[in-house]
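Asker: So here's upload.cif, just mmCIF, C-alpha atoms:
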```
data_final
loop_
_atom_site.group_PDB
_atom_site.id
_atom_site.type_symbol
_atom_site.label_atom_id
_atom_site.label_comp_id
_atom_site.auth_asym_id
_atom_site.auth_seq_id
_atom_site.Cartn_x
_atom_site.Cartn_y
_atom_site.Cartn_z
ATOM 1 C CA MET A 1 108.066 111.013 170.332
ATOM 2 C CA HIS A 2 106.381 110.572 173.642
ATOM 3 C CA SER A 3 106.972 107.172 175.203
ATOM 4 C CA SER A 4 103.317 106.513 175.957
ATOM 5 C CA LEU A 5 102.470 107.056 172.290
ATOM 6 C CA VAL A 6 105.297 104.755 171.257
ATOM 7 C CA ALA A 7 103.968 102.101 173.594
ATOM 8 C CA CYS A 8 100.596 102.346 171.933
ATOM 9 C CA LEU A 9 101.853 101.754 168.437
ATOM 10 C CA GLY A 10 102.268 98.034 168.826
ATOM 11 C CA ARG A 11 98.669 97.565 169.856
ATOM 12 C CA ARG A 12 95.475 97.423 167.918
ATOM 13 C CA ARG A 13 93.691 100.482 166.569
ATOM 14 C CA SER A 14 90.709 99.911 168.821
ATOM 15 C CA ILE A 15 92.637 101.320 171.765
ATOM 16 C CA LEU A 16 94.624 103.926 169.855
ATOM 17 C CA ALA A 17 92.308 106.770 170.722
ATOM 18 C CA ALA A 18 92.673 106.135 174.426
ATOM 19 C CA CYS A 19 96.439 105.778 174.112
ATOM 20 C CA LEU A 20 96.743 108.995 172.117
ATOM 21 C CA LEU A 21 94.655 110.846 174.633
ATOM 22 C CA ALA A 22 96.889 109.571 177.428
ATOM 23 C CA SER A 23 99.939 110.650 175.473
ATOM 24 C CA VAL A 24 98.559 114.135 174.919
ATOM 25 C CA VAL A 25 97.546 114.525 178.539
ATOM 26 C CA ALA A 26 101.031 113.496 179.661
ATOM 27 C CA GLY A 27 102.652 116.066 177.357
ATOM 28 C CA CYS A 28 104.757 115.722 174.228
ATOM 29 C CA SER A 29 108.467 116.020 173.548
ATOM 30 C CA VAL A 30 109.965 118.469 171.034
ATOM 31 C CA ASP A 31 110.237 115.994 168.171
ATOM 32 C CA ASP A 32 106.724 114.658 168.622
ATOM 33 C CA PRO A 33 104.734 115.140 165.400
ATOM 34 C CA LEU A 34 101.795 116.209 167.509
ATOM 35 C CA THR A 35 103.659 119.289 168.722
ATOM 36 C CA THR A 36 104.093 120.568 165.188
ATOM 37 C CA SER A 37 100.357 120.668 164.631
ATOM 38 C CA PRO A 38 98.502 120.731 167.943
ATOM 39 C CA ASP A 39 95.234 121.449 166.181
ATOM 40 C CA ARG A 40 95.467 117.940 164.729
ATOM 41 C CA ILE A 41 94.785 116.307 168.082
ATOM 42 C CA PRO A 42 91.497 114.477 167.722
ATOM 43 C CA SER A 43 88.694 115.413 170.041
ATOM 44 C CA ALA A 44 85.598 113.533 171.083
ATOM 45 C CA ASP A 45 83.418 116.270 169.646
ATOM 46 C CA PRO A 46 84.495 117.303 166.140
ATOM 47 C CA GLY A 47 82.369 120.442 166.394
ATOM 48 C CA PRO A 48 80.625 122.151 163.528
ATOM 49 C CA THR A 49 81.872 121.470 160.029
ATOM 50 C CA THR A 50 82.804 124.267 157.641
ATOM 51 C CA SER A 51 80.747 122.618 154.947
ATOM 52 C CA ALA A 52 77.315 124.038 154.306
ATOM 53 C CA VAL A 53 76.367 120.778 152.618
ATOM 54 C CA ALA A 54 74.980 117.866 154.604
ATOM 55 C CA ARG A 55 77.085 114.769 153.953
ATOM 56 C CA PRO A 56 75.765 111.298 153.138
ATOM 57 C CA THR A 57 74.948 109.302 156.239
ATOM 58 C CA SER A 58 76.966 106.291 155.091
ATOM 59 C CA SER A 59 80.209 108.254 155.482
ATOM 60 C CA ALA A 60 79.317 108.682 159.143
ATOM 61 C CA THR A 61 79.191 104.899 159.381
ATOM 62 C CA GLU A 62 82.687 104.657 157.925
ATOM 63 C CA GLN A 63 83.903 107.318 160.358
ATOM 64 C CA ALA A 64 82.600 105.267 163.262
ATOM 65 C CA THR A 65 84.924 102.414 162.359
ATOM 66 C CA PHE A 66 87.911 104.326 161.008
ATOM 67 C CA ASP A 67 89.183 107.779 161.953
ATOM 68 C CA PRO A 68 91.818 108.866 159.382
ATOM 69 C CA GLU A 69 93.208 111.516 161.693
ATOM 70 C CA ILE A 70 93.903 109.154 164.588
ATOM 71 C CA TYR A 71 95.330 106.643 162.157
ATOM 72 C CA ALA A 72 97.560 109.257 160.490
ATOM 73 C CA ILE A 73 98.986 110.325 163.851
ATOM 74 C CA ALA A 74 99.823 106.736 164.741
ATOM 75 C CA MET A 75 101.370 106.072 161.330
ATOM 76 C CA VAL A 76 103.487 109.229 161.539
ATOM 77 C CA GLY A 77 104.796 108.121 164.919
ATOM 78 C CA CYS A 78 105.698 104.712 163.540
ATOM 79 C CA LEU A 79 107.356 106.074 160.382
ATOM 80 C CA ARG A 80 109.379 108.587 162.365
ATOM 81 C CA GLU A 81 110.583 105.786 164.585
ATOM 82 C CA ALA A 82 111.743 104.038 161.428
ATOM 83 C CA GLY A 83 113.703 107.143 160.431
ATOM 84 C CA TRP A 84 111.332 108.758 157.915
ATOM 85 C CA ASP A 85 110.601 112.492 158.102
ATOM 86 C CA ALA A 86 106.817 112.119 158.363
ATOM 87 C CA VAL A 87 104.192 114.636 159.474
ATOM 88 C CA VAL A 88 100.383 114.591 159.642
ATOM 89 C CA ASN A 89 98.967 116.647 156.778
ATOM 90 C CA GLU A 90 96.992 119.835 157.304
ATOM 91 C CA SER A 91 93.634 118.295 156.522
ATOM 92 C CA GLY A 92 94.237 115.441 158.970
ATOM 93 C CA ASP A 93 93.239 112.750 156.487
ATOM 94 C CA GLY A 94 96.725 111.540 155.719
ATOM 95 C CA PHE A 95 100.400 112.260 156.154
ATOM 96 C CA SER A 96 103.425 113.475 154.226
ATOM 97 C CA VAL A 97 106.952 112.126 154.154
ATOM 98 C CA GLN A 98 109.756 114.488 153.182
ATOM 99 C CA SER A 99 113.200 113.862 151.720
ATOM 100 C CA VAL A 100 112.188 110.864 149.622
ATOM 101 C CA THR A 101 114.014 110.201 146.340
ATOM 102 C CA PRO A 102 112.324 108.152 143.591
ATOM 103 C CA ASP A 103 114.566 105.160 144.311
ATOM 104 C CA GLN A 104 113.302 105.219 147.916
ATOM 105 C CA HIS A 105 109.611 104.929 146.978
ATOM 106 C CA SER A 106 109.554 101.161 147.407
ATOM 107 C CA ALA A 107 111.463 101.367 150.708
ATOM 108 C CA LEU A 108 108.965 103.916 151.985
ATOM 109 C CA GLU A 109 106.070 101.722 150.896
ATOM 110 C CA SER A 110 107.665 98.791 152.720
ATOM 111 C CA ALA A 111 107.987 100.934 155.833
ATOM 112 C CA ARG A 112 104.353 101.976 155.523
ATOM 113 C CA ILE A 113 103.249 98.352 155.222
ATOM 114 C CA ALA A 114 105.351 97.434 158.262
ATOM 115 C CA CYS A 115 103.691 100.257 160.190
ATOM 116 C CA ASP A 116 100.300 99.055 158.942
ATOM 117 C CA GLU A 117 101.042 95.731 160.609
ATOM 118 C CA ARG A 118 101.852 97.464 163.890
ATOM 119 C CA VAL A 119 99.031 99.995 163.892
ATOM 120 C CA GLY A 120 96.445 97.895 162.087
ATOM 121 C CA PRO A 121 95.829 98.321 158.351
ATOM 122 C CA ALA A 122 93.669 101.138 157.050
ATOM 123 C CA PRO A 123 90.528 99.643 155.546
ATOM 124 C CA PRO A 124 90.646 99.385 151.758
ATOM 125 C CA PRO A 125 87.725 100.896 149.852
ATOM 126 C CA ARG A 126 84.606 98.776 149.905
ATOM 127 C CA GLN A 127 82.013 98.281 147.202
ATOM 128 C CA LEU A 128 79.196 100.771 147.737
ATOM 129 C CA SER A 129 75.592 99.771 147.263
ATOM 130 C CA ASP A 130 73.501 101.295 144.510
ATOM 131 C CA GLY A 131 71.675 103.340 147.139
ATOM 132 C CA GLU A 132 74.921 104.690 148.606
ATOM 133 C CA ILE A 133 76.157 105.719 145.158
ATOM 134 C CA ARG A 134 72.870 107.522 144.476
ATOM 135 C CA GLU A 135 73.210 109.208 147.860
ATOM 136 C CA ARG A 136 76.619 110.506 146.806
ATOM 137 C CA TYR A 137 75.172 111.802 143.553
ATOM 138 C CA GLN A 138 72.633 113.852 145.492
ATOM 139 C CA PHE A 139 75.417 115.085 147.749
ATOM 140 C CA LEU A 140 77.528 116.175 144.769
ATOM 141 C CA LEU A 141 74.563 118.051 143.299
ATOM 142 C CA ARG A 142 74.463 120.093 146.513
ATOM 143 C CA VAL A 143 78.242 120.574 146.324
ATOM 144 C CA ARG A 144 77.820 121.829 142.757
ATOM 145 C CA GLU A 145 75.357 124.457 143.977
ATOM 146 C CA CYS A 146 77.805 125.379 146.727
ATOM 147 C CA LEU A 147 80.617 125.835 144.192
ATOM 148 C CA ILE A 148 78.447 127.941 141.886
ATOM 149 C CA GLY A 149 77.557 130.078 144.892
ATOM 150 C CA ALA A 150 81.269 130.485 145.585
ATOM 151 C CA GLY A 151 81.817 131.806 142.074
ATOM 152 C CA PHE A 152 83.076 128.720 140.250
ATOM 153 C CA ASP A 153 81.898 127.647 136.805
ATOM 154 C CA VAL A 154 80.602 124.087 136.956
ATOM 155 C CA SER A 155 79.000 122.300 134.038
ATOM 156 C CA GLU A 156 75.687 120.486 134.069
ATOM 157 C CA PRO A 157 75.859 117.147 135.892
ATOM 158 C CA PRO A 158 75.135 113.821 134.194
ATOM 159 C CA SER A 159 71.911 111.993 134.917
ATOM 160 C CA GLU A 160 71.768 109.971 138.108
ATOM 161 C CA ASP A 161 71.780 106.698 136.179
ATOM 162 C CA ALA A 162 74.797 107.787 134.119
ATOM 163 C CA PHE A 163 76.568 108.711 137.350
ATOM 164 C CA VAL A 164 75.865 105.268 138.822
ATOM 165 C CA ASP A 165 77.019 103.551 135.616
ATOM 166 C CA SER A 166 80.336 105.427 135.672
ATOM 167 C CA TRP A 167 81.034 104.835 139.368
ATOM 168 C CA ALA A 168 83.601 102.047 138.933
ATOM 169 C CA ALA A 169 85.826 104.008 136.541
ATOM 170 C CA GLY A 170 85.484 107.391 138.242
ATOM 171 C CA PRO A 171 82.209 109.302 138.118
ATOM 172 C CA TRP A 172 81.518 112.949 137.409
ATOM 173 C CA SER A 173 82.627 115.316 140.119
ATOM 174 C CA PRO A 174 81.940 119.062 140.257
ATOM 175 C CA PHE A 175 85.627 119.473 141.140
ATOM 176 C CA SER A 176 86.831 117.752 137.967
ATOM 177 C CA GLU A 177 86.750 120.918 135.861
ATOM 178 C CA ILE A 178 88.221 123.244 138.469
ATOM 179 C CA GLU A 179 91.898 123.798 137.783
ATOM 180 C CA MET A 180 92.692 127.236 139.153
ATOM 181 C CA GLY A 181 91.492 127.786 142.690
ATOM 182 C CA LEU A 182 90.896 124.119 143.495
ATOM 183 C CA GLU A 183 92.258 124.611 147.008
ATOM 184 C CA ARG A 184 89.756 127.404 147.684
ATOM 185 C CA ALA A 185 86.961 125.330 146.183
ATOM 186 C CA LEU A 186 87.777 122.415 148.497
ATOM 187 C CA ASP A 187 87.939 124.774 151.464
ATOM 188 C CA GLU A 188 84.548 126.284 150.762
ATOM 189 C CA CYS A 189 82.722 123.169 149.573
ATOM 190 C CA PRO A 190 84.399 119.967 150.873
ATOM 191 C CA GLN A 191 83.930 116.989 148.607
ATOM 192 C CA MET A 192 82.981 114.619 151.454
ATOM 193 C CA MET B 1 92.411 63.485 175.904
ATOM 194 C CA SER B 2 95.822 64.367 174.503
ATOM 195 C CA LYS B 3 94.761 62.897 171.159
ATOM 196 C CA LEU B 4 91.759 65.223 171.150
ATOM 197 C CA ARG B 5 94.041 68.173 171.876
ATOM 198 C CA ARG B 6 96.315 67.213 168.986
ATOM 199 C CA GLN B 7 93.314 66.987 166.682
ATOM 200 C CA ILE B 8 92.083 70.408 167.810
ATOM 201 C CA ALA B 9 95.557 71.886 167.326
ATOM 202 C CA ALA B 10 95.797 70.341 163.862
ATOM 203 C CA LEU B 11 92.382 71.698 162.918
ATOM 204 C CA ALA B 12 93.290 75.161 164.220
ATOM 205 C CA GLY B 13 96.540 75.111 162.266
ATOM 206 C CA ALA B 14 94.758 74.051 159.112
ATOM 207 C CA ALA B 15 92.202 76.822 159.585
ATOM 208 C CA LEU B 16 94.965 79.422 159.993
ATOM 209 C CA LEU B 17 96.768 78.141 156.907
ATOM 210 C CA LEU B 18 93.541 78.256 154.896
ATOM 211 C CA ALA B 19 92.820 81.799 156.095
ATOM 212 C CA ALA B 20 96.310 82.893 155.044
ATOM 213 C CA LEU B 21 95.925 81.299 151.625
ATOM 214 C CA VAL B 22 92.541 82.832 150.834
ATOM 215 C CA SER B 23 93.340 86.349 152.109
ATOM 216 C CA PRO B 24 92.999 88.587 149.067
ATOM 217 C CA ALA B 25 96.164 90.428 148.025
ATOM 218 C CA VAL B 26 95.699 94.174 147.781
ATOM 219 C CA ALA B 27 95.756 95.215 144.143
ATOM 220 C CA VAL B 28 97.649 98.424 143.548
ATOM 221 C CA VAL B 29 97.075 100.684 140.547
ATOM 222 C CA SER B 30 99.344 103.560 139.644
ATOM 223 C CA LYS B 31 100.120 106.244 137.103
ATOM 224 C CA ASP B 32 103.446 108.031 136.746
ATOM 225 C CA GLY B 33 105.538 110.116 134.390
ATOM 226 C CA THR B 34 107.820 113.109 134.211
ATOM 227 C CA HIS B 35 106.668 116.689 134.035
ATOM 228 C CA TYR B 36 108.640 119.933 133.965
ATOM 229 C CA CYS B 37 107.525 123.541 134.336
ATOM 230 C CA GLN B 38 108.933 126.821 133.126
ATOM 231 C CA THR B 39 110.625 129.208 135.507
ATOM 232 C CA TYR B 40 108.362 130.721 138.158
ATOM 233 C CA TRP B 41 105.758 127.998 137.686
ATOM 234 C CA THR B 42 105.143 125.314 140.260
ATOM 235 C CA PRO B 43 104.653 121.630 139.356
ATOM 236 C CA TYR B 44 101.846 119.633 140.884
ATOM 237 C CA ALA B 45 100.295 116.179 140.753
ATOM 238 C CA ARG B 46 96.585 115.679 140.842
ATOM 239 C CA SER B 47 94.657 112.464 141.432
ATOM 240 C CA TYR B 48 91.064 111.331 141.253
ATOM 241 C CA SER B 49 90.905 108.076 143.160
ATOM 242 C CA THR B 50 89.405 105.952 145.881
ATOM 243 C CA GLY B 51 91.337 104.112 148.564
ATOM 244 C CA ASN B 52 94.628 104.746 150.275
ATOM 245 C CA THR B 53 96.587 106.868 147.836
ATOM 246 C CA TRP B 54 100.223 107.968 147.492
ATOM 247 C CA LEU B 55 100.982 111.178 145.570
ATOM 248 C CA TYR B 56 104.512 112.239 144.680
ATOM 249 C CA PRO B 57 104.451 115.589 142.824
ATOM 250 C CA PRO B 58 106.962 116.141 140.000
ATOM 251 C CA GLY B 59 110.559 116.365 141.158
ATOM 252 C CA SER B 60 109.557 116.713 144.775
ATOM 253 C CA GLY B 61 111.172 114.794 147.594
ATOM 254 C CA THR B 62 107.859 114.608 149.428
ATOM 255 C CA GLY B 63 105.346 111.791 149.352
ATOM 256 C CA HIS B 64 101.742 112.474 150.385
ATOM 257 C CA TYR B 65 99.511 109.650 151.621
ATOM 258 C CA PHE B 66 95.730 110.112 151.813
ATOM 259 C CA TYR B 67 92.931 107.973 153.227
ATOM 260 C CA ASN B 68 90.156 108.404 150.659
ATOM 261 C CA GLY B 69 88.048 105.456 151.729
ATOM 262 C CA SER B 70 85.299 104.421 149.319
ATOM 263 C CA ASN B 71 84.714 107.930 147.995
ATOM 264 C CA TRP B 72 86.091 109.241 144.730
ATOM 265 C CA THR B 73 88.303 112.084 145.876
ATOM 266 C CA VAL B 74 90.247 114.796 144.070
ATOM 267 C CA ARG B 75 93.708 115.468 145.544
ATOM 268 C CA LYS B 76 96.280 118.010 144.409
ATOM 269 C CA VAL B 77 99.765 118.403 145.848
ATOM 270 C CA HIS B 78 102.440 120.887 144.797
ATOM 271 C CA SER B 79 106.169 120.532 144.675
ATOM 272 C CA PRO B 80 107.954 122.994 146.903
ATOM 273 C CA TYR B 81 108.910 126.251 145.235
ATOM 274 C CA GLY B 82 112.251 126.262 143.474
ATOM 275 C CA GLU B 83 111.802 122.886 141.803
ATOM 276 C CA ASP B 84 111.042 122.783 138.089
ATOM 277 C CA GLY B 85 109.668 119.238 137.995
ATOM 278 C CA GLY B 86 110.742 115.681 137.286
ATOM 279 C CA TYR B 87 109.320 112.251 138.075
ATOM 280 C CA TRP B 88 105.817 112.033 139.568
ATOM 281 C CA LEU B 89 103.759 109.090 140.805
ATOM 282 C CA VAL B 90 100.226 108.323 141.993
ATOM 283 C CA GLN B 91 99.515 104.919 143.520
ATOM 284 C CA THR B 92 96.399 103.561 145.221
ATOM 285 C CA ASP B 93 94.955 100.341 146.597
ATOM 286 C CA GLY B 94 91.570 101.515 145.329
ATOM 287 C CA SER B 95 90.616 102.771 141.873
ATOM 288 C CA LEU B 96 92.272 105.471 139.797
ATOM 289 C CA ASN B 97 90.521 107.615 137.204
ATOM 290 C CA ASN B 98 92.970 108.054 134.329
ATOM 291 C CA PRO B 99 91.921 111.448 132.884
ATOM 292 C CA GLY B 100 91.525 112.855 136.399
ATOM 293 C CA THR B 101 95.077 111.860 137.375
ATOM 294 C CA TYR B 102 97.889 113.936 135.906
ATOM 295 C CA ALA B 103 100.716 116.373 136.558
ATOM 296 C CA GLY B 104 100.650 120.055 135.663
ATOM 297 C CA CYS B 105 102.069 123.492 136.301
ATOM 298 C CA THR B 106 100.577 126.456 138.075
ATOM 299 C CA PRO B 107 101.870 130.023 138.244
ATOM 300 C CA ALA B 108 103.825 130.654 141.420
ATOM 301 C CA SER B 109 101.958 133.112 143.603
#
```
Any chance you could put this one into structure tokens?
Answerer:
Amino acid sequence: MHSSLVACLGRRRSILAACLLASVVAGCSVDDPLTTSPDRIPSADPGPTTSAVARPTSSATEQATFDPEIYAIAMVGCLREAGWDAVVNESGDGFSVQSVTPDQHSALESARIACDERVGPAPPPRQLSDGEIRERYQFLLRVRECLIGAGFDVSEPPSEDAFVDSWAAGPWSPFSEIEMGLERALDECPQM
Amino acid sequence: MSKLRRQIAALAGAALLLAALVSPAVAVVSKDGTHYCQTYWTPYARSYSTGNTWLYPPGSGTGHYFYNGSNWTVRKVHSPYGEDGGYWLVQTDGSLNNPGTYAGCTPAS
């Protein structure tokens, strides 16, 4: 891993973006996780999204305070330093760790927590307001139309009130019934 | 003056101790099991969850970690080809939908 990226990992997330940019500008070594997926390098302008569905505005607020891609890159660097075979995943909203046996799950979780303390913990999910949940319902209705347009069979949605009532336990999702071709469905109509 | 400093230091220490005591522990929910597939089928694990979520597909030596945030998100990860299954695990610091979280098999393409 590049030394400038390593140096960044002990600092707070607020300066991670600048550190990562400096690391990328300076170039990366062969075993740098960034070199295995250069398209994962975050940019200031994310460009147009592949989704034809406008996303709820509240998710933009979350993005302003937490960028999963930048965080995943930092976590991968930290885990690799600790000896784990970690890489940023293709979608950029997480990472994968290879060569993990079931009896190593707790050790890996401990390593992740230790890296959380170095990088700064990822925010846990927060309680959404009633309005935000209703906003997501409207978004999922548009996703449903997108999926139907892409050739998937999707059942009728619940009422908005029923959707809100079921939020805590896991609400209806137009992706819930898609078994075969889920990957294509998520490509064509992202869920958020 | 030094007495005032000691009082300030004691107050600061007490505040830090109080903050540490009231910090909420992160509750983790999980679902696991074993699942095997017939020859030429590929095992997978699927989750419907919020929060920061681990997925270990059946019999795979790969763990997948996703940042779902506050949104209910469907995730599906496959075991590499050549593995017929085994232990699988989904774990999150958010919420987990039970019927939407399971392991299965898909025909190898």
Asker: What are the residues of chain B that have an atom within 10 Å of an atom of chain A, counting all atoms listed in the file, as an MDAnalysis selection string?
Answerer: chainID B and resid 26 46 48:56 59:77 86:89 92:100 104 106:107
Asker: Counting only C-alpha atoms, which of A:Val119, A:Ile113, A:Met75, A:Val154 gets nearest to Leu141 of chain A?
Answerer: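 Of A:Val119, A:Ile113, A:Met75, A:Val154, the one nearest Leu141 of chain A, counting only C-alpha atoms, is A:Val154.
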Asker: In terms of the shortest atom-to-atom distance over only C-alpha atoms, which of A:Val164, A:Ala185, A:Val76, A:Ala111 is closest to Glu145 of chain A?
Answerer: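 Of the candidates, the smallest distance to Glu145 of chain A is held by A:Ala185.
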Asker: Identify all residues satisfying the PyMOL selection byres ((chain B and resi 40) around 12) in the given file; provide them as number ranges by chain.
Answerer: B: 36-39, 41-43, 80-85, 105-109
Asker: Selected residues, C-alpha atoms, written as a short mmCIF file (atom, residue, chain, number, x, y, z; two decimals), keeping the file's coordinate frame, please.
Answerer:
```cif
data_model
loop_
_atom_site.label_atom_id
_atom_site.label_comp_id
_atom_site.auth_asym_id
_atom_site.auth_seq_id
_atom_site.Cartn_x
_atom_site.Cartn_y
_atom_site.Cartn_z
CA TYR B 36 108.64 119.93 133.96
CA CYS B 37 107.52 123.54 134.34
CA GLN B 38 108.93 126.82 133.13
CA THR B 39 110.62 129.21 135.51
CA TRP B 41 105.76 128.00 137.69
CA THR B 42 105.14 125.31 140.26
CA PRO B 43 104.65 121.63 139.36
CA PRO B 80 107.95 122.99 146.90
CA TYR B 81 108.91 126.25 145.24
CA GLY B 82 112.25 126.26 143.47
CA GLU B 83 111.80 122.89 141.80
CA ASP B 84 111.04 122.78 138.09
CA GLY B 85 109.67 119.24 138.00
CA CYS B 105 102.07 123.49 136.30
CA THR B 106 100.58 126.46 138.07
CA PRO B 107 101.87 130.02 138.24
CA ALA B 108 103.82 130.65 141.42
CA SER B 109 101.96 133.11 143.60
#
```
Asker: Quick one, how far is atom CA of Glu188 of chain A from atom CA of Ala103 of chain B?
Answerer: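 Taking atom CA of Glu188 of chain A and atom CA of Ala103 of chain B, their separation equals 23.7 Å.
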Asker: Between atom CA of Glu156 of chain A and atom CA of Gly131 of chain A, what is the distance, to one decimal in Å?
Answerer: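 Between atom CA of Glu156 of chain A and atom CA of Gly131 of chain A the gap works out to 21.9 Å.
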Asker: By how many Å are atom CA of Pro158 of chain A and atom CA of Thr101 of chain B apart?
Answerer: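 Atom-to-atom, atom CA of Pro158 of chain A and atom CA of Thr101 of chain B are spaced 20.3 Å apart.
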Asker: Return the single residue from A:Gly83, A:Gly77, A:Gly181, A:Gly120 that is closest to Ala150 of chain A, with distances computed using all atoms listed in the file.
Answerer: A:Gly181
